[in-house]
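**Q** A single structure is presented below for examination.
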Amino acid sequence: MEDLILRAFETIFSSTNNNGFYDESFGIYPMLEYTVKDNSITYLTSKRKYWRYNPFLMMGIMYTRLHIQNDEIKSHDGKIKKQLNILIEKLTNRDIKSLSSYTVGPLMVSFALAHEIYGDKKYIDAIDLILNNTCFKIKIDEDAFLLLGLSYVYEHISKYREDTIEKIKVFTYEILKHQKDNALFVFRNITSKRHQSQMYTLWALNRAFKILNIENTEPIRKNIEYTIVKRMEEYGGIIWEDNVRFCSKIYHILKNTRYWTYYFECHQCFFAHTVFEYSRLFSDKRYNDRAKKALEWIFGNNRFNLDLLKLSGLNVPHRIVDVNGNAHVKGQKFKGAYEIGGYLMALTDYMLIDFF
């Protein structure tokens, strides 16, 4: 797993001229879009979704940098710090109130871990900027990232403990109100039942429960079990959503986006991170074998015998396969930086967990 992590770091910080994401003047590009001709994939950089993808990537980078002590990873510190500086500069010149929870939550995680690692006050200043300019409310599923961000700030920067603990408590119990009898967390937006949304919520609850000393982890555990029973297939592949409403299916069929027929590499990683974090924080290893299986699915242990790492040619996995084994799906021909962030977190957790 460590070799896979090193290869992912190399891809992130390799030049865009060499199928990497990094440019000396721009920093990290949020995605590589691609075309396929004669089974050959050609990648081109894209600036789309910068604020959605890059903070998530940096969260994964900093998570790995904190937990895996490896000189080769540390050799990227110059570029890591430069990218953090770019984010701070862009953030200073941006209306923070216009940014979503999906952005500011991972930014809080990234800056909290950056301060823990590098000890520079500018990362605290960046967190101050976010805390003073963000509307902290739980309205939709992705607002769980606010709780996740606050939890990391609480854990890694002592000066904020008194200011954040009450928000963590309020947000935790507000999110729990949205859990239905079937274990899913359902918010007012139609995407909240989907797999990634459930996992983001569990990431936040894992850490918040630990901070608040909540011993009854049943809300987290039963959601993990729902995923295993209802969404995880024989080889470990995880479907995006089960029990999709008929009207929603018709709409998306007309739009030619049958999302319930897609398997995403990042969704496998989101589940693995959820389970490994749960295992580590609460000493409950009963689901670790399932998390391991979810990761093995990426590397060829799937019903298509398709190794997504080999397929991409990027030293990070290809992003998608549909239920028919098609890896090049209309509207999905890109590799997002956020996916690599999730990949790093899952691989890092794998290295931290004792399966035996």
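Letters A, B, ... mark the chains of the structure tokens in the order given; residue numbers begin at 1 per chain; ligand numbers begin at 1, in order shown.
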Find the spatial neighbours of region 80-90 of chain A, counting only C-alpha atoms, within a cut-off of 10 Å - ignore same-chain residues fewer than 2 positions away - and output them as a PDB file with N, CA and C atoms, in the first residue's frame.
**A**
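Below is the file that was written, part.pdb:
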ATOM      1  N   PHE A  13       2.039  15.530  -8.147  1.00  0.00           N
ATOM      2  CA  PHE A  13       3.046  16.577  -8.248  1.00  0.00           C
ATOM      3  C   PHE A  13       3.933  16.449  -9.481  1.00  0.00           C
ATOM      4  N   TYR A  22       0.251  18.783 -11.804  1.00  0.00           N
ATOM      5  CA  TYR A  22       0.942  19.941 -11.231  1.00  0.00           C
ATOM      6  C   TYR A  22       1.530  20.859 -12.297  1.00  0.00           C
ATOM      7  N   GLU A  24       3.842  24.573 -12.277  1.00  0.00           N
ATOM      8  CA  GLU A  24       4.620  25.433 -11.377  1.00  0.00           C
ATOM      9  C   GLU A  24       3.938  26.768 -11.093  1.00  0.00           C
ATOM     10  N   SER A  25       3.262  27.336 -12.061  1.00  0.00           N
ATOM     11  CA  SER A  25       2.624  28.634 -11.855  1.00  0.00           C
ATOM     12  C   SER A  25       1.191  28.511 -11.340  1.00  0.00           C
ATOM     13  N   PHE A  26       0.447  27.524 -11.840  1.00  0.00           N
ATOM     14  CA  PHE A  26      -0.960  27.384 -11.457  1.00  0.00           C
ATOM     15  C   PHE A  26      -1.131  26.582 -10.173  1.00  0.00           C
ATOM     16  N   GLY A  27      -0.238  25.630  -9.960  1.00  0.00           N
ATOM     17  CA  GLY A  27      -0.417  24.700  -8.845  1.00  0.00           C
ATOM     18  C   GLY A  27      -1.048  23.411  -9.344  1.00  0.00           C
ATOM     19  N   ILE A  28      -1.905  22.812  -8.520  1.00  0.00           N
ATOM     20  CA  ILE A  28      -2.545  21.548  -8.875  1.00  0.00           C
ATOM     21  C   ILE A  28      -3.836  21.808  -9.644  1.00  0.00           C
ATOM     22  N   TRP A  51     -12.802  24.773  -6.680  1.00  0.00           N
ATOM     23  CA  TRP A  51     -13.105  24.878  -5.256  1.00  0.00           C
ATOM     24  C   TRP A  51     -13.782  23.628  -4.704  1.00  0.00           C
ATOM     25  N   ASN A  54     -10.116  20.647  -5.321  1.00  0.00           N
ATOM     26  CA  ASN A  54      -8.787  20.827  -4.737  1.00  0.00           C
ATOM     27  C   ASN A  54      -8.759  20.796  -3.207  1.00  0.00           C
ATOM     28  N   PRO A  55      -9.720  21.400  -2.503  1.00  0.00           N
ATOM     29  CA  PRO A  55      -9.694  21.267  -1.043  1.00  0.00           C
ATOM     30  C   PRO A  55      -9.804  19.812  -0.584  1.00  0.00           C
ATOM     31  N   MET A  58      -6.436  18.201  -1.044  1.00  0.00           N
ATOM     32  CA  MET A  58      -5.476  18.618  -0.028  1.00  0.00           C
ATOM     33  C   MET A  58      -5.782  17.965   1.317  1.00  0.00           C
ATOM     34  N   ILE A  61      -4.116  14.662   1.008  1.00  0.00           N
ATOM     35  CA  ILE A  61      -2.661  14.815   1.046  1.00  0.00           C
ATOM     36  C   ILE A  61      -2.176  15.051   2.471  1.00  0.00           C
ATOM     37  N   MET A  62      -2.835  15.965   3.184  1.00  0.00           N
ATOM     38  CA  MET A  62      -2.397  16.295   4.541  1.00  0.00           C
ATOM     39  C   MET A  62      -2.659  15.141   5.506  1.00  0.00           C
ATOM     40  N   ARG A  65       0.149  12.795   4.818  1.00  0.00           N
ATOM     41  CA  ARG A  65       1.415  13.403   5.260  1.00  0.00           C
ATOM     42  C   ARG A  65       1.562  13.336   6.775  1.00  0.00           C
ATOM     43  N   LYS A  74       7.715  13.198   2.263  1.00  0.00           N
ATOM     44  CA  LYS A  74       8.195  14.490   2.779  1.00  0.00           C
ATOM     45  C   LYS A  74       8.936  15.293   1.716  1.00  0.00           C
ATOM     46  N   SER A  75       9.495  14.606   0.731  1.00  0.00           N
ATOM     47  CA  SER A  75      10.220  15.316  -0.327  1.00  0.00           C
ATOM     48  C   SER A  75       9.312  16.225  -1.138  1.00  0.00           C
ATOM     49  N   HIS A  76       8.000  16.013  -1.029  1.00  0.00           N
ATOM     50  CA  HIS A  76       7.035  16.849  -1.743  1.00  0.00           C
ATOM     51  C   HIS A  76       6.603  18.061  -0.912  1.00  0.00           C
ATOM     52  N   ASP A  77       7.180  18.261   0.262  1.00  0.00           N
ATOM     53  CA  ASP A  77       6.732  19.317   1.164  1.00  0.00           C
ATOM     54  C   ASP A  77       6.758  20.702   0.523  1.00  0.00           C
ATOM     55  N   GLY A  78       7.770  20.970  -0.288  1.00  0.00           N
ATOM     56  CA  GLY A  78       7.849  22.282  -0.928  1.00  0.00           C
ATOM     57  C   GLY A  78       6.624  22.565  -1.782  1.00  0.00           C
ATOM     58  N   THR A  92      -8.356  34.315   0.475  1.00  0.00           N
ATOM     59  CA  THR A  92      -8.335  35.701   0.942  1.00  0.00           C
ATOM     60  C   THR A  92      -9.027  36.629  -0.045  1.00  0.00           C
ATOM     61  N   ASN A  93      -8.911  36.290  -1.331  1.00  0.00           N
ATOM     62  CA  ASN A  93      -9.499  37.138  -2.375  1.00  0.00           C
ATOM     63  C   ASN A  93     -10.871  36.655  -2.826  1.00  0.00           C
ATOM     64  N   ARG A  94     -11.468  35.783  -2.051  1.00  0.00           N
ATOM     65  CA  ARG A  94     -12.745  35.177  -2.431  1.00  0.00           C
ATOM     66  C   ARG A  94     -13.803  35.522  -1.406  1.00  0.00           C
ATOM     67  N   ASP A  95     -15.051  35.601  -1.848  1.00  0.00           N
ATOM     68  CA  ASP A  95     -16.172  35.733  -0.923  1.00  0.00           C
ATOM     69  C   ASP A  95     -16.421  34.362  -0.314  1.00  0.00           C
ATOM     70  N   ILE A  96     -15.929  34.154   0.886  1.00  0.00           N
ATOM     71  CA  ILE A  96     -16.010  32.839   1.514  1.00  0.00           C
ATOM     72  C   ILE A  96     -17.459  32.393   1.693  1.00  0.00           C
ATOM     73  N   LEU A 107     -11.169  22.357   3.673  1.00  0.00           N
ATOM     74  CA  LEU A 107     -10.149  23.386   3.907  1.00  0.00           C
ATOM     75  C   LEU A 107      -9.780  23.455   5.381  1.00  0.00           C
ATOM     76  N   SER A 110      -7.592  20.531   6.091  1.00  0.00           N
ATOM     77  CA  SER A 110      -6.268  20.708   5.490  1.00  0.00           C
ATOM     78  C   SER A 110      -5.407  21.672   6.297  1.00  0.00           C
ATOM     79  N   PHE A 111      -5.985  22.808   6.676  1.00  0.00           N
ATOM     80  CA  PHE A 111      -5.203  23.810   7.404  1.00  0.00           C
ATOM     81  C   PHE A 111      -4.901  23.365   8.832  1.00  0.00           C
ATOM     82  N   ALA A 114      -2.128  20.926   8.413  1.00  0.00           N
ATOM     83  CA  ALA A 114      -0.918  21.654   8.001  1.00  0.00           C
ATOM     84  C   ALA A 114      -0.259  22.330   9.200  1.00  0.00           C
ATOM     85  N   TYR A 118       3.459  21.498  10.105  1.00  0.00           N
ATOM     86  CA  TYR A 118       4.465  22.513   9.806  1.00  0.00           C
ATOM     87  C   TYR A 118       4.564  23.616  10.863  1.00  0.00           C
ATOM     88  N   LYS A 122       0.213  30.938   9.778  1.00  0.00           N
ATOM     89  CA  LYS A 122      -0.661  31.353   8.674  1.00  0.00           C
ATOM     90  C   LYS A 122      -1.815  30.372   8.468  1.00  0.00           C
ATOM     91  N   TYR A 123      -1.637  29.123   8.880  1.00  0.00           N
ATOM     92  CA  TYR A 123      -2.713  28.151   8.737  1.00  0.00           C
ATOM     93  C   TYR A 123      -3.815  28.401   9.776  1.00  0.00           C
ATOM     94  N   ASP A 125      -4.443  31.451  10.840  1.00  0.00           N
ATOM     95  CA  ASP A 125      -5.091  32.660  10.293  1.00  0.00           C
ATOM     96  C   ASP A 125      -6.120  32.278   9.229  1.00  0.00           C
ATOM     97  N   ALA A 126      -5.798  31.282   8.414  1.00  0.00           N
ATOM     98  CA  ALA A 126      -6.736  30.835   7.374  1.00  0.00           C
ATOM     99  C   ALA A 126      -7.981  30.229   8.006  1.00  0.00           C
ATOM    100  N   ILE A 127      -7.797  29.472   9.075  1.00  0.00           N
ATOM    101  CA  ILE A 127      -8.948  28.894   9.779  1.00  0.00           C
ATOM    102  C   ILE A 127      -9.783  29.995  10.415  1.00  0.00           C
ATOM    103  N   LEU A 129     -10.181  32.950   9.303  1.00  0.00           N
ATOM    104  CA  LEU A 129     -10.926  33.553   8.200  1.00  0.00           C
ATOM    105  C   LEU A 129     -12.173  32.744   7.885  1.00  0.00           C
TER     106      LEU A 129
END
**Q** I'd like the neighbourhood of Gln268 (chain A) as an MDAnalysis selection string, where a residue qualifies if any of its atoms comes within 12 Å (using only C-alpha atoms), though same-chain residues fewer than 4 positions away should be ignored.
**A** chainID A and resid 195:196 199 227:228 231:233 235:240 262:264 272:275 290:299 302 308 317 319:321 339 342:343 345:347
**Q** Using only C-alpha atoms, can you tell me which of A:Ile211, A:Phe334, A:Pro106, A:Gly20 comes closest to Tyr63 (chain A)?
**A**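 Ranking A:Ile211, A:Phe334, A:Pro106, A:Gly20 by distance to Tyr63 (chain A), first place goes to A:Pro106.
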**Q** Of the candidates A:Asn133, A:Ser40, A:Gln332, A:Ser101, which one gets nearest to Phe145 (chain A) if we count only C-alpha atoms?
**A**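 Among the listed residues, the smallest separation from Phe145 (chain A) belongs to A:Ser101.
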**Q** Which polymer residues have any atom within 12 Å of an atom of Arg48 (chain A), counting only C-alpha atoms, with same-chain residues fewer than 2 positions away left out, as a ChimeraX atom specification?
**A** /A:28-33,44-46,50-54,334-337
**Q** Let's have the selection written as a PDB file, in the first residue's frame, with C-alpha atoms.
**A**
ATOM      1  CA  ILE A  28      -2.545  21.548  -8.875  1.00  0.00           C
ATOM      2  CA  TYR A  29      -5.227  21.266 -11.545  1.00  0.00           C
ATOM      3  CA  PRO A  30      -8.583  20.015 -10.254  1.00  0.00           C
ATOM      4  CA  MET A  31      -9.084  17.462 -13.012  1.00  0.00           C
ATOM      5  CA  LEU A  32      -7.698  15.771 -16.076  1.00  0.00           C
ATOM      6  CA  GLU A  33     -10.251  15.231 -18.819  1.00  0.00           C
ATOM      7  CA  LEU A  44      -5.823  17.290 -20.844  1.00  0.00           C
ATOM      8  CA  THR A  45      -5.916  19.585 -17.817  1.00  0.00           C
ATOM      9  CA  SER A  46      -9.094  21.378 -16.780  1.00  0.00           C
ATOM     10  CA  TYR A  50     -11.473  24.036  -8.571  1.00  0.00           C
ATOM     11  CA  TRP A  51     -13.105  24.878  -5.256  1.00  0.00           C
ATOM     12  CA  ARG A  52     -14.903  21.555  -5.096  1.00  0.00           C
ATOM     13  CA  TYR A  53     -12.024  19.266  -5.981  1.00  0.00           C
ATOM     14  CA  ASN A  54      -8.787  20.827  -4.737  1.00  0.00           C
ATOM     15  CA  PHE A 334     -12.096  12.613 -16.419  1.00  0.00           C
ATOM     16  CA  LYS A 335     -10.061  12.032 -13.302  1.00  0.00           C
ATOM     17  CA  GLY A 336     -10.880  14.396 -10.448  1.00  0.00           C
ATOM     18  CA  ALA A 337      -8.327  15.489  -7.875  1.00  0.00           C
TER      19      ALA A 337
END
**Q** Restricting the calculation to only C-alpha atoms: of A:Asn305, A:Ser279, A:Ser151, A:Asn315, which residue gets closest to Ser14 (chain A)?
**A** A:Asn315
**Q** What lies within 10 Å of region 218-221 of chain A using only C-alpha atoms, ignoring chain neighbours under 4 positions off, as a PDB file with N, CA and C atoms, in the first residue's frame?
**A**
ATOM      1  N   LEU A 176     -28.003  13.591  13.513  1.00  0.00           N
ATOM      2  CA  LEU A 176     -28.624  12.335  13.954  1.00  0.00           C
ATOM      3  C   LEU A 176     -30.144  12.368  13.814  1.00  0.00           C
ATOM      4  N   GLN A 179     -31.482  10.697  10.621  1.00  0.00           N
ATOM      5  CA  GLN A 179     -31.347   9.268  10.349  1.00  0.00           C
ATOM      6  C   GLN A 179     -32.705   8.584  10.417  1.00  0.00           C
ATOM      7  N   LYS A 180     -33.048   7.876   9.357  1.00  0.00           N
ATOM      8  CA  LYS A 180     -34.329   7.183   9.261  1.00  0.00           C
ATOM      9  C   LYS A 180     -34.219   5.779   9.859  1.00  0.00           C
ATOM     10  N   ALA A 183     -31.709   3.355   8.564  1.00  0.00           N
ATOM     11  CA  ALA A 183     -30.301   3.698   8.850  1.00  0.00           C
ATOM     12  C   ALA A 183     -29.736   4.798   7.965  1.00  0.00           C
ATOM     13  N   LEU A 184     -30.419   5.157   6.864  1.00  0.00           N
ATOM     14  CA  LEU A 184     -29.911   6.216   5.996  1.00  0.00           C
ATOM     15  C   LEU A 184     -30.158   7.590   6.609  1.00  0.00           C
ATOM     16  N   PHE A 185     -29.227   8.511   6.335  1.00  0.00           N
ATOM     17  CA  PHE A 185     -29.405   9.912   6.716  1.00  0.00           C
ATOM     18  C   PHE A 185     -30.022  10.629   5.522  1.00  0.00           C
ATOM     19  N   GLN A 198     -23.795   9.463   2.322  1.00  0.00           N
ATOM     20  CA  GLN A 198     -23.854   8.692   3.565  1.00  0.00           C
ATOM     21  C   GLN A 198     -22.466   8.554   4.185  1.00  0.00           C
ATOM     22  N   MET A 199     -21.464   8.322   3.356  1.00  0.00           N
ATOM     23  CA  MET A 199     -20.110   8.146   3.871  1.00  0.00           C
ATOM     24  C   MET A 199     -19.551   9.441   4.442  1.00  0.00           C
ATOM     25  N   THR A 201     -21.160  11.768   5.829  1.00  0.00           N
ATOM     26  CA  THR A 201     -21.824  11.947   7.121  1.00  0.00           C
ATOM     27  C   THR A 201     -21.175  11.085   8.191  1.00  0.00           C
ATOM     28  N   LEU A 202     -20.858   9.845   7.832  1.00  0.00           N
ATOM     29  CA  LEU A 202     -20.224   8.950   8.795  1.00  0.00           C
ATOM     30  C   LEU A 202     -18.806   9.392   9.139  1.00  0.00           C
ATOM     31  N   TRP A 203     -18.092   9.965   8.171  1.00  0.00           N
ATOM     32  CA  TRP A 203     -16.753  10.493   8.490  1.00  0.00           C
ATOM     33  C   TRP A 203     -16.851  11.500   9.636  1.00  0.00           C
ATOM     34  N   LEU A 205     -19.362  11.946  11.806  1.00  0.00           N
ATOM     35  CA  LEU A 205     -19.873  11.363  13.054  1.00  0.00           C
ATOM     36  C   LEU A 205     -18.812  10.521  13.757  1.00  0.00           C
ATOM     37  N   ASN A 206     -17.984   9.831  13.002  1.00  0.00           N
ATOM     38  CA  ASN A 206     -16.897   9.062  13.615  1.00  0.00           C
ATOM     39  C   ASN A 206     -16.082   9.936  14.558  1.00  0.00           C
ATOM     40  N   PHE A 209     -18.268  11.695  17.497  1.00  0.00           N
ATOM     41  CA  PHE A 209     -18.600  10.763  18.581  1.00  0.00           C
ATOM     42  C   PHE A 209     -17.401  10.570  19.509  1.00  0.00           C
ATOM     43  N   GLU A 225     -23.673  -1.228   8.117  1.00  0.00           N
ATOM     44  CA  GLU A 225     -24.313  -2.506   7.816  1.00  0.00           C
ATOM     45  C   GLU A 225     -25.312  -2.371   6.671  1.00  0.00           C
ATOM     46  N   TYR A 226     -26.022  -1.246   6.611  1.00  0.00           N
ATOM     47  CA  TYR A 226     -26.953  -1.021   5.494  1.00  0.00           C
ATOM     48  C   TYR A 226     -26.175  -1.052   4.171  1.00  0.00           C
ATOM     49  N   THR A 274     -14.396   5.186   5.869  1.00  0.00           N
ATOM     50  CA  THR A 274     -15.430   5.164   6.904  1.00  0.00           C
ATOM     51  C   THR A 274     -15.197   4.016   7.882  1.00  0.00           C
ATOM     52  N   VAL A 275     -15.022   2.824   7.340  1.00  0.00           N
ATOM     53  CA  VAL A 275     -14.887   1.632   8.183  1.00  0.00           C
ATOM     54  C   VAL A 275     -13.578   1.631   8.951  1.00  0.00           C
ATOM     55  N   TYR A 278     -13.767   4.124  11.727  1.00  0.00           N
ATOM     56  CA  TYR A 278     -14.640   3.578  12.775  1.00  0.00           C
ATOM     57  C   TYR A 278     -13.887   2.537  13.592  1.00  0.00           C
ATOM     58  N   ASP A 284     -13.482  -1.431  17.021  1.00  0.00           N
ATOM     59  CA  ASP A 284     -14.462  -2.403  16.548  1.00  0.00           C
ATOM     60  C   ASP A 284     -14.058  -2.800  15.131  1.00  0.00           C
ATOM     61  N   TYR A 287     -15.869  -4.909  10.663  1.00  0.00           N
ATOM     62  CA  TYR A 287     -16.148  -4.613   9.257  1.00  0.00           C
ATOM     63  C   TYR A 287     -14.875  -4.404   8.430  1.00  0.00           C
TER      64      TYR A 287
END
**Q** List the neighbours of Gly105 (chain A) out to 8 Å using only C-alpha atoms; skip same-chain residues closer than 2 positions along the sequence, and give me the result as a count of residues only.
**A** 12
**Q** Among region 68-308 of chain A, which residues does DSSP mark as strand (DSSP E or B) when it is run on the backbone? Keep the chain and numbering as in the structure and answer as a list in words.
**A**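 Here is the list: Gln179, Phe185, Met232, Ile238, Tyr262, Tyr263, Phe264, Phe299 and Asp307 of chain A.
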**Q** With N, CA and C atoms kept, could you save the residues just selected as an mmCIF file, in the first residue's frame?
**A**
data_model
loop_
_atom_site.group_PDB
_atom_site.id
_atom_site.type_symbol
_atom_site.label_atom_id
_atom_site.label_comp_id
_atom_site.auth_asym_id
_atom_site.auth_seq_id
_atom_site.Cartn_x
_atom_site.Cartn_y
_atom_site.Cartn_z
ATOM 1 N N GLN A 179 -31.482 10.697 10.621
ATOM 2 C CA GLN A 179 -31.347 9.268 10.349
ATOM 3 C C GLN A 179 -32.705 8.584 10.417
ATOM 4 N N PHE A 185 -29.227 8.511 6.335
ATOM 5 C CA PHE A 185 -29.405 9.912 6.716
ATOM 6 C C PHE A 185 -30.022 10.629 5.522
ATOM 7 N N MET A 232 -23.443 -3.291 -1.212
ATOM 8 C CA MET A 232 -22.200 -3.963 -1.559
ATOM 9 C C MET A 232 -22.503 -5.305 -2.206
ATOM 10 N N ILE A 238 -19.601 -1.404 -4.870
ATOM 11 C CA ILE A 238 -20.665 -0.695 -4.157
ATOM 12 C C ILE A 238 -21.477 0.128 -5.142
ATOM 13 N N TYR A 262 -23.598 2.745 -12.170
ATOM 14 C CA TYR A 262 -22.175 3.074 -12.142
ATOM 15 C C TYR A 262 -21.517 2.591 -10.850
ATOM 16 N N TYR A 263 -20.294 2.106 -10.983
ATOM 17 C CA TYR A 263 -19.421 1.869 -9.828
ATOM 18 C C TYR A 263 -18.277 2.886 -9.921
ATOM 19 N N PHE A 264 -18.012 3.565 -8.813
ATOM 20 C CA PHE A 264 -16.934 4.547 -8.790
ATOM 21 C C PHE A 264 -15.806 4.089 -7.876
ATOM 22 N N PHE A 299 -8.476 -3.053 -7.652
ATOM 23 C CA PHE A 299 -7.260 -3.579 -8.273
ATOM 24 C C PHE A 299 -7.471 -4.916 -8.982
ATOM 25 N N ASP A 307 -8.386 -4.191 -13.607
ATOM 26 C CA ASP A 307 -7.535 -3.454 -12.672
ATOM 27 C C ASP A 307 -7.578 -1.976 -13.063
#
**Q** Considering only C-alpha atoms, can you say which of A:Leu131, A:Ala144, A:Ala8, A:Ile190 comes closest to Glu174 (chain A)?
**A**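 Between A:Leu131, A:Ala144, A:Ala8, A:Ile190, the residue approaching Glu174 (chain A) most closely is A:Ala144.
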**Q** Of the residues A:Phe282, A:Val186, A:Ile138, A:Thr64, which is the one nearest to Asn216 (chain A), using only C-alpha atoms?
**A**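 Residue with the minimum atom-to-atom distance to Asn216 (chain A): A:Phe282.
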**Q** So how far away is CA of His67 (chain A) from CA of Gly341 (chain A), in Å?
**A**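 Interatomic distance, CA of Gly341 (chain A) to CA of His67 (chain A): 14.1 Å.
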**Q** For Asp349 (chain A), which residue out of A:Met1, A:Asn18, A:Asn301, A:His328 is the nearest one, using only C-alpha atoms?
**A**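 The answer is A:Met1, which sits nearest to Asp349 (chain A).
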**Q** Any idea what's packed within 9 Å of Leu281 (chain A), counting only C-alpha atoms, ignoring anything in its chain fewer than 4 positions away? Could you give it as a list in words?
**A**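 Close residues of Leu281 (chain A): Asn206, Arg207, Lys210, Phe276 and Glu277 of chain A.
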